[in-house]
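Q: Provided below: my_file_8.txt, containing compact mmCIF, C-alpha atoms.
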# COMPACT_ATOMS: atom_id res chain seq x y z
CA MET K 223 47.89 -2.11 -55.41
CA HIS K 224 46.64 1.07 -53.67
CA ARG K 225 48.62 3.65 -55.65
CA THR K 226 47.11 6.79 -54.08
CA GLU K 227 47.50 5.52 -50.52
CA LEU K 228 51.01 4.27 -51.27
CA ALA K 229 51.99 7.68 -52.65
CA ASP K 230 50.62 9.48 -49.59
CA PHE K 231 52.31 7.06 -47.21
CA LEU K 232 55.69 7.47 -48.89
CA ARG K 233 55.44 11.28 -48.92
CA ARG K 234 54.55 11.47 -45.24
CA ARG K 235 57.25 9.06 -44.14
CA ARG K 236 59.84 10.90 -46.23
CA ALA K 237 58.81 14.23 -44.68
CA ARG K 238 59.45 13.08 -41.13
CA LEU K 239 63.12 12.23 -41.76
CA GLY K 240 66.13 14.50 -42.07
CA PRO K 241 69.44 13.71 -43.73
CA ALA K 242 71.14 13.17 -40.37
CA ASP K 243 68.53 10.52 -39.52
CA VAL K 244 69.74 8.35 -42.38
CA GLY K 245 73.46 9.13 -42.32
CA LEU K 246 73.50 11.80 -45.06
CA THR K 247 75.15 15.23 -44.99
CA PRO K 248 72.48 17.95 -44.65
CA GLY K 249 74.00 20.12 -47.40
CA PRO K 250 72.51 23.50 -48.46
CA ARG K 251 69.57 25.06 -46.64
CA ARG K 252 66.28 23.34 -47.47
CA ARG K 253 62.99 24.97 -48.33
CA THR K 254 60.92 22.09 -46.88
CA PRO K 255 61.56 19.60 -44.08
CA GLY K 256 62.33 15.98 -44.70
CA LEU K 257 64.40 14.04 -47.17
CA ARG K 258 64.46 14.92 -50.83
CA ARG K 259 63.17 12.41 -53.34
CA GLU K 260 66.62 11.96 -54.83
CA GLU K 261 67.97 11.12 -51.38
CA VAL K 262 65.38 8.37 -50.89
CA ALA K 263 66.22 7.09 -54.35
CA GLN K 264 69.91 7.10 -53.45
CA LEU K 265 69.26 5.14 -50.25
CA THR K 266 67.14 2.53 -52.00
CA GLY K 267 69.24 2.14 -55.14
CA MET K 268 66.42 3.15 -57.50
CA SER K 269 66.30 6.02 -59.98
CA THR K 270 64.89 9.36 -58.86
CA ASP K 271 62.37 9.19 -61.70
CA TYR K 272 61.11 5.79 -60.51
CA TYR K 273 60.66 6.99 -56.93
CA THR K 274 59.02 10.23 -58.07
CA ARG K 275 56.44 8.27 -60.05
CA LEU K 276 55.64 6.20 -56.95
CA GLU K 277 54.93 9.37 -54.97
CA GLN K 278 52.79 10.65 -57.85
CA ALA K 279 50.65 7.49 -57.83
CA ARG K 280 51.65 6.55 -61.36
CA GLY K 281 54.58 4.22 -60.82
CA PRO K 282 54.78 0.49 -61.60
CA ARG K 283 54.31 -2.09 -58.87
CA PRO K 284 57.50 -2.29 -56.76
CA SER K 285 59.16 -5.65 -56.27
CA ARG K 286 59.51 -7.21 -52.82
CA GLN K 287 63.21 -6.35 -52.93
CA MET K 288 62.36 -2.72 -53.64
CA LEU K 289 59.79 -2.63 -50.83
CA THR K 290 62.39 -3.94 -48.41
CA ALA K 291 64.81 -1.24 -49.55
CA LEU K 292 62.15 1.45 -49.10
CA ALA K 293 61.29 0.21 -45.61
CA ARG K 294 64.95 0.36 -44.65
CA ALA K 295 65.55 3.78 -46.24
CA LEU K 296 62.50 5.36 -44.61
CA ARG K 297 63.29 3.76 -41.23
CA LEU K 298 59.88 2.13 -41.01
CA THR K 299 58.80 0.25 -37.92
CA ASP K 300 57.73 -3.38 -38.31
CA ASP K 301 54.08 -2.31 -38.43
CA GLU K 302 54.79 0.38 -40.99
CA ARG K 303 56.82 -2.05 -43.08
CA ASP K 304 53.92 -4.50 -43.06
CA HIS K 305 51.55 -1.70 -44.08
CA LEU K 306 53.82 -0.79 -46.99
CA PHE K 307 53.74 -4.36 -48.25
CA HIS K 308 49.96 -4.53 -47.85
CA LEU K 309 49.49 -1.33 -49.87
CA VAL K 310 51.26 -3.01 -52.77
CA GLY K 311 49.28 -6.23 -52.32
CA GLU K 312 52.17 -8.27 -50.96
CA GLU K 313 52.43 -10.47 -47.89
CA PRO K 314 54.85 -8.88 -45.40
CA PRO K 315 58.10 -10.76 -44.79
CA ARG K 316 58.31 -13.00 -41.79
CA ASP K 317 61.28 -13.63 -39.54
CA ALA K 318 63.22 -16.64 -40.76
CA THR K 319 63.76 -18.12 -37.32
CA THR K 320 62.08 -18.27 -33.95
CA SER K 321 63.54 -16.12 -31.21
CA GLY K 322 64.18 -17.81 -27.89
CA HIS K 323 64.46 -14.48 -26.12
CA VAL K 324 61.42 -13.56 -24.02
CA ARG K 325 60.85 -9.82 -23.83
CA PRO K 326 61.17 -8.37 -20.30
CA GLY K 327 57.63 -6.98 -20.44
CA LEU K 328 56.22 -10.40 -21.21
CA LEU K 329 58.14 -11.89 -18.31
CA ARG K 330 56.71 -9.23 -16.00
CA VAL K 331 53.21 -10.20 -17.08
CA LEU K 332 54.06 -13.83 -16.37
CA ASP K 333 55.31 -12.93 -12.89
CA ARG K 334 52.04 -11.21 -12.03
CA LEU K 335 49.94 -14.24 -12.91
CA TYR K 336 50.70 -15.85 -9.56
CA ASP K 337 47.34 -17.59 -9.07
CA THR K 338 46.84 -19.23 -12.46
CA PRO K 339 49.06 -21.42 -14.69
CA ALA K 340 50.83 -19.48 -17.43
CA GLN K 341 53.81 -20.09 -19.69
CA VAL K 342 55.55 -18.58 -22.69
CA VAL K 343 56.13 -20.96 -25.60
CA THR K 344 57.30 -20.73 -29.18
CA ASP K 345 54.64 -21.33 -31.80
CA TRP K 346 56.18 -24.76 -32.49
CA GLY K 347 56.14 -25.94 -28.86
CA ASP K 348 59.36 -24.99 -27.07
CA VAL K 349 58.60 -23.88 -23.50
CA LEU K 350 60.64 -20.72 -22.77
CA ALA K 351 59.30 -19.65 -19.37
CA GLN K 352 56.78 -20.85 -16.77
CA ASN K 353 55.32 -19.45 -13.59
CA ALA K 354 55.09 -21.60 -10.46
CA MET K 355 51.48 -22.55 -11.15
CA ALA K 356 52.31 -23.86 -14.62
CA ALA K 357 55.16 -25.92 -13.17
CA ALA K 358 52.75 -27.29 -10.56
CA LEU K 359 50.22 -28.24 -13.23
CA VAL K 360 52.39 -29.71 -16.01
CA GLY K 361 55.82 -30.07 -14.44
CA ASP K 362 58.88 -27.84 -14.48
CA ILE K 363 59.66 -28.12 -18.18
CA THR K 364 62.24 -25.34 -18.11
CA ALA K 365 64.36 -27.44 -15.73
CA ARG K 366 64.85 -30.08 -18.41
CA PRO K 367 67.83 -30.08 -20.81
CA PRO K 368 67.32 -27.59 -23.68
CA GLY K 369 66.56 -30.31 -26.21
CA ASP K 370 63.82 -31.75 -24.03
CA ARG K 371 61.60 -28.70 -23.54
CA ASN K 372 59.32 -29.08 -26.53
CA PHE K 373 55.85 -30.23 -25.50
CA VAL K 374 54.98 -31.56 -28.96
CA ARG K 375 58.01 -33.86 -28.90
CA SER K 376 57.17 -34.83 -25.35
CA PHE K 377 53.58 -35.61 -26.29
CA PHE K 378 54.46 -38.01 -29.09
CA LEU K 379 57.66 -39.58 -27.77
CA ARG K 380 57.52 -39.59 -23.96
CA ARG K 381 53.92 -40.08 -22.90
CA ARG K 382 52.74 -43.31 -21.25
CA PRO K 383 49.23 -44.83 -21.49
CA ASP K 384 48.89 -45.07 -17.70
CA ILE K 385 50.38 -41.66 -16.83
CA GLY K 386 49.24 -38.47 -18.53
CA LEU K 387 48.29 -34.88 -18.12
CA PHE K 388 45.04 -35.34 -20.04
CA PRO K 389 42.11 -37.78 -19.92
CA PRO K 390 42.69 -40.73 -22.28
CA GLU K 391 39.64 -39.83 -24.36
CA ASP K 392 41.12 -36.38 -25.12
CA MET K 393 44.49 -37.60 -26.34
CA ALA K 394 43.53 -38.06 -29.99
CA GLU K 395 42.25 -34.50 -30.22
CA HIS K 396 45.42 -33.11 -28.63
CA ALA K 397 47.52 -35.08 -31.11
CA ARG K 398 45.52 -33.73 -34.04
CA ILE K 399 45.82 -30.13 -32.84
CA HIS K 400 49.58 -30.42 -32.25
CA VAL K 401 50.20 -31.69 -35.78
CA ALA K 402 47.84 -29.23 -37.48
CA ASN K 403 49.45 -26.28 -35.68
CA LEU K 404 52.98 -27.48 -36.48
CA ARG K 405 52.14 -27.80 -40.16
CA ALA K 406 50.88 -24.19 -40.19
CA VAL K 407 54.11 -23.00 -38.54
CA VAL K 408 56.38 -24.85 -40.98
CA ALA K 409 54.49 -23.41 -43.95
CA ALA K 410 54.58 -19.88 -42.54
CA ARG K 411 58.34 -19.94 -41.86
CA PRO K 412 59.99 -22.23 -44.40
CA GLY K 413 63.39 -20.73 -43.61
CA ASP K 414 63.27 -21.65 -39.91
CA PRO K 415 65.19 -24.94 -39.49
CA ALA K 416 63.95 -25.76 -35.96
CA PRO K 417 60.27 -26.56 -36.71
CA ALA K 418 61.26 -28.41 -39.87
CA ALA K 419 63.76 -30.53 -37.94
CA LEU K 420 61.12 -31.37 -35.33
CA VAL K 421 58.73 -32.54 -38.05
CA ALA K 422 61.41 -34.74 -39.62
CA GLU K 423 62.26 -36.24 -36.22
CA LEU K 424 58.66 -37.00 -35.30
CA ARG K 425 57.74 -38.41 -38.71
CA ALA K 426 60.61 -40.87 -38.33
CA ALA K 427 59.98 -41.75 -34.67
CA SER K 428 56.19 -41.69 -34.28
CA ALA K 429 53.81 -43.61 -36.52
CA GLU K 430 50.91 -41.64 -35.04
CA PHE K 431 52.52 -38.31 -35.92
CA ALA K 432 53.42 -39.51 -39.41
CA ALA K 433 49.83 -40.63 -40.08
CA LEU K 434 48.39 -37.33 -38.87
CA TRP K 435 50.94 -35.36 -40.89
CA GLU K 436 49.74 -37.07 -44.07
CA THR K 437 46.19 -35.74 -43.51
CA HIS K 438 47.55 -32.23 -44.23
CA GLU K 439 45.28 -30.61 -41.67
CA VAL K 440 46.17 -27.01 -40.81
CA ALA K 441 44.95 -25.15 -37.71
CA VAL K 442 46.68 -22.40 -35.76
CA ARG K 443 46.46 -22.95 -32.00
CA ARG K 444 43.81 -20.70 -30.46
CA SER K 445 41.85 -20.36 -27.26
CA THR K 446 39.99 -23.48 -26.15
CA VAL K 447 38.87 -25.49 -23.11
CA LYS K 448 41.24 -28.20 -21.89
CA ARG K 449 40.98 -30.90 -19.26
CA PHE K 450 43.97 -31.80 -17.11
CA VAL K 451 44.49 -34.78 -14.81
CA HIS K 452 46.60 -33.91 -11.77
CA PRO K 453 47.80 -36.63 -9.37
CA VAL K 454 47.00 -34.53 -6.29
CA VAL K 455 44.01 -32.29 -7.03
CA GLY K 456 42.31 -34.46 -9.66
CA GLU K 457 40.71 -33.37 -12.93
CA LEU K 458 40.55 -29.69 -13.86
CA GLU K 459 38.62 -28.13 -16.73
CA LEU K 460 40.39 -24.92 -17.65
CA ASP K 461 39.92 -22.19 -20.23
CA CYS K 462 43.10 -21.92 -22.30
CA GLU K 463 43.77 -18.42 -23.60
CA VAL K 464 46.51 -18.02 -26.21
CA LEU K 465 47.98 -14.52 -26.47
CA LEU K 466 50.26 -13.95 -29.44
CA SER K 467 53.55 -12.09 -29.65
CA ALA K 468 53.94 -12.02 -33.41
CA GLU K 469 57.35 -10.30 -33.43
CA HIS K 470 59.06 -13.28 -31.81
CA ALA K 471 56.64 -16.07 -32.83
CA GLN K 472 55.91 -16.58 -29.13
CA ARG K 473 52.68 -17.25 -27.26
CA LEU K 474 51.63 -16.56 -23.70
CA ILE K 475 49.32 -19.39 -22.71
CA VAL K 476 47.13 -18.76 -19.65
CA HIS K 477 44.81 -21.32 -18.02
CA THR K 478 41.89 -20.12 -15.89
CA ALA K 479 38.91 -21.76 -14.24
CA VAL K 480 35.31 -20.55 -14.16
CA PRO K 481 34.84 -18.75 -10.80
CA GLY K 482 32.96 -20.83 -8.26
CA SER K 483 33.41 -24.06 -10.19
CA GLU K 484 34.89 -27.27 -8.85
CA SER K 485 37.88 -26.70 -11.11
CA SER K 486 38.35 -23.27 -9.54
CA GLU K 487 38.51 -24.85 -6.08
CA ARG K 488 40.99 -27.44 -7.32
CA LEU K 489 43.10 -24.75 -8.95
CA GLU K 490 43.27 -22.94 -5.60
CA LEU K 491 44.33 -26.18 -3.94
CA LEU K 492 46.99 -26.57 -6.63
CA ARG K 493 48.30 -23.13 -5.73
CA VAL K 494 48.63 -24.21 -2.10
CA VAL K 495 50.56 -27.36 -2.97
CA GLY K 496 52.32 -25.80 -5.96
CA LEU K 497 55.69 -25.57 -4.26
CA GLN K 498 55.75 -29.33 -3.80
CA ASN K 499 57.17 -31.50 -6.54
CA LEU K 500 54.07 -33.63 -6.97
CA THR K 501 53.28 -33.17 -10.64
CA PRO K 502 54.03 -35.38 -13.64
CA SER K 503 56.87 -34.12 -15.83
CA GLY K 504 55.41 -34.71 -19.25
Would you give me this structure, written as structure tokens?
A:
Amino acid sequence: MHRTELADFLRRRRARLGPADVGLTPGPRRRTPGLRREEVAQLTGMSTDYYTRLEQARGPRPSRQMLTALARALRLTDDERDHLFHLVGEEPPRDATTSGHVRPGLLRVLDRLYDTPAQVVTDWGDVLAQNAMAAALVGDITARPPGDRNFVRSFFLRRRPDIGLFPPEDMAEHARIHVANLRAVVAARPGDPAPAALVAELRAASAEFAALWETHEVAVRRSTVKRFVHPVVGELELDCEVLLSAEHAQRLIVHTAVPGSESSERLELLRVVGLQNLTPSG
């Protein structure tokens, strides 16, 4: 616990707020700006003496419940809240569920990636948005019924040995990565029912998934190189960049080809034929 830094952080955040900012009556004229210590204590439900000791770097370690109350009382941003928890040596709270709402700014980025496949997905595999190039490469997943837009479910339950997006020799590695990433997500957000339900479904329906789940491998999905098999343009080797949006547990996945490579030429051809419905759907 960083007592001195915690005390300084609390004092500075208290000083930037006025009573009106937190729904309190201003009252008599104040000698200094900001909330009074007793007002913060009132807002958090702790004693004034307890809060005073925190600001004097001599207080006991606050509980997680108390940290949450302080973050709310001092109107901390998500980043500031996380910093508060870190100063006390605690892991910041995580959202209990995955948001299916894609921020407008992220959608604008997606719209501008007109010449390379890109899509926004949840960290457990639900496809939320695609650009035209992504639909041309992997199929228009967002056009499917809502319950059929998860690419992990599709991988284990819908794939066929003679039709696939990936070379047969790469399938085992993709399966391993899907399961390892899903295990990390379930552990990180135990209160989110959607990833847990997907795991239960796949363990019951796929012997391959169940066997991989028992290995207890954990690996968060990160940037890598992937090979795709397209029925029109052939095989493409693409760099897969994974950009995280931690607030909503969402990821922007962008696929690019090395300039001047054969895959780059095939990606350009895919852009030309991208408006045609010539791609596999899963």
Q: Point out the residue among K:Asp345, K:Asp271, K:Glu277, K:Asp370 with the least atom-to-atom distance to K:Arg234, counting only C-alpha atoms.
A: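 Ranked by minimum distance to K:Arg234, first place goes to K:Glu277.
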Q: Give me the residues near K:Leu309 as an mmCIF file with C-alpha atoms, in the coordinates of the input, where near means some atom within 6 Å (using all atoms listed in the file) and where sequence neighbours in that chain fewer than 6 positions away do not count.
A:
data_model
loop_
_atom_site.group_PDB
_atom_site.id
_atom_site.type_symbol
_atom_site.label_atom_id
_atom_site.label_comp_id
_atom_site.auth_asym_id
_atom_site.auth_seq_id
_atom_site.Cartn_x
_atom_site.Cartn_y
_atom_site.Cartn_z
ATOM 1 C CA MET K 223 47.890 -2.110 -55.410
ATOM 2 C CA HIS K 224 46.640 1.070 -53.670
ATOM 3 C CA LEU K 228 51.010 4.270 -51.270
#
Q: May I have the residues within 7 Å of stretch 472-475 of chain K as a list in words, using all atoms listed in the file and disregarding those fewer than 4 positions away in the same chain?
A: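 My reading of the contact set: Ala340, Gln341, Val342, Val343, Thr344, Asp345, Cys462, Glu463, Val464, Leu465, Leu466, Ser467 and Ala468 of chain K.
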Q: Can you measure atom CA of K:Pro339 to atom CA of K:Ala358 for me? One decimal in Å is fine.
A: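 For atom CA of K:Pro339 relative to atom CA of K:Ala358, the distance reads 8.1 Å.
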Q: Show which residues sit within 12 Å of K:Gly456, as a ChimeraX atom specification. Count only C-alpha atoms, and ignore same-chain residues fewer than 2 positions away.
A: /K:359,386-389,449-454,458-459,484-489,491-492,501
Q: So what do you get for atom CA of K:Gly496 versus atom CA of K:Leu335, distance-wise?
A: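 Computed distance, atom CA of K:Gly496 to atom CA of K:Leu335, equals 13.7 Å.
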Q: Nearest to K:Pro282: which of K:Arg236, K:Arg225, K:His400, K:Arg252 is it, counting only C-alpha atoms?
A: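 Using only C-alpha atoms, the shortest distance to K:Pro282 belongs to K:Arg225.
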Q: Report as a list in words all protein, DNA and RNA residues lying within 8 Å of K:Arg303, evaluated on all atoms listed in the file, omitting residues in the same chain fewer than 6 positions from it.
A: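 In the requested form, the answer reads Thr290, Ala293 and Pro314 of chain K.
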Q: So what do you get for atom CA of K:Glu490 versus atom CA of K:Asp337, distance-wise?
A: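 Going from atom CA of K:Glu490 over to atom CA of K:Asp337, I get 7.6 Å.
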Q: What's around K:Ala229 at 8 Å? Count all atoms listed in the file, leave out sequence neighbours fewer than 3 positions away in its own chain, and write the answer as a ChimeraX atom specification.
A: /K:225-226,232-233,276-279
Q: Which residue out of K:Ala416, K:Leu434, K:Met288, K:Val480 has the minimum interatomic distance to K:Arg398 when only C-alpha atoms are used?
A: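 Once distances to K:Arg398 are computed over only C-alpha atoms, the minimum belongs to K:Leu434.
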Q: Pick the closest to K:Arg325 from K:Leu239, K:Val476, K:Ala471, K:Leu265: which is it, counting all atoms listed in the file?
A: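 Of K:Leu239, K:Val476, K:Ala471, K:Leu265, the one nearest K:Arg325 is K:Ala471, counting all atoms listed in the file.
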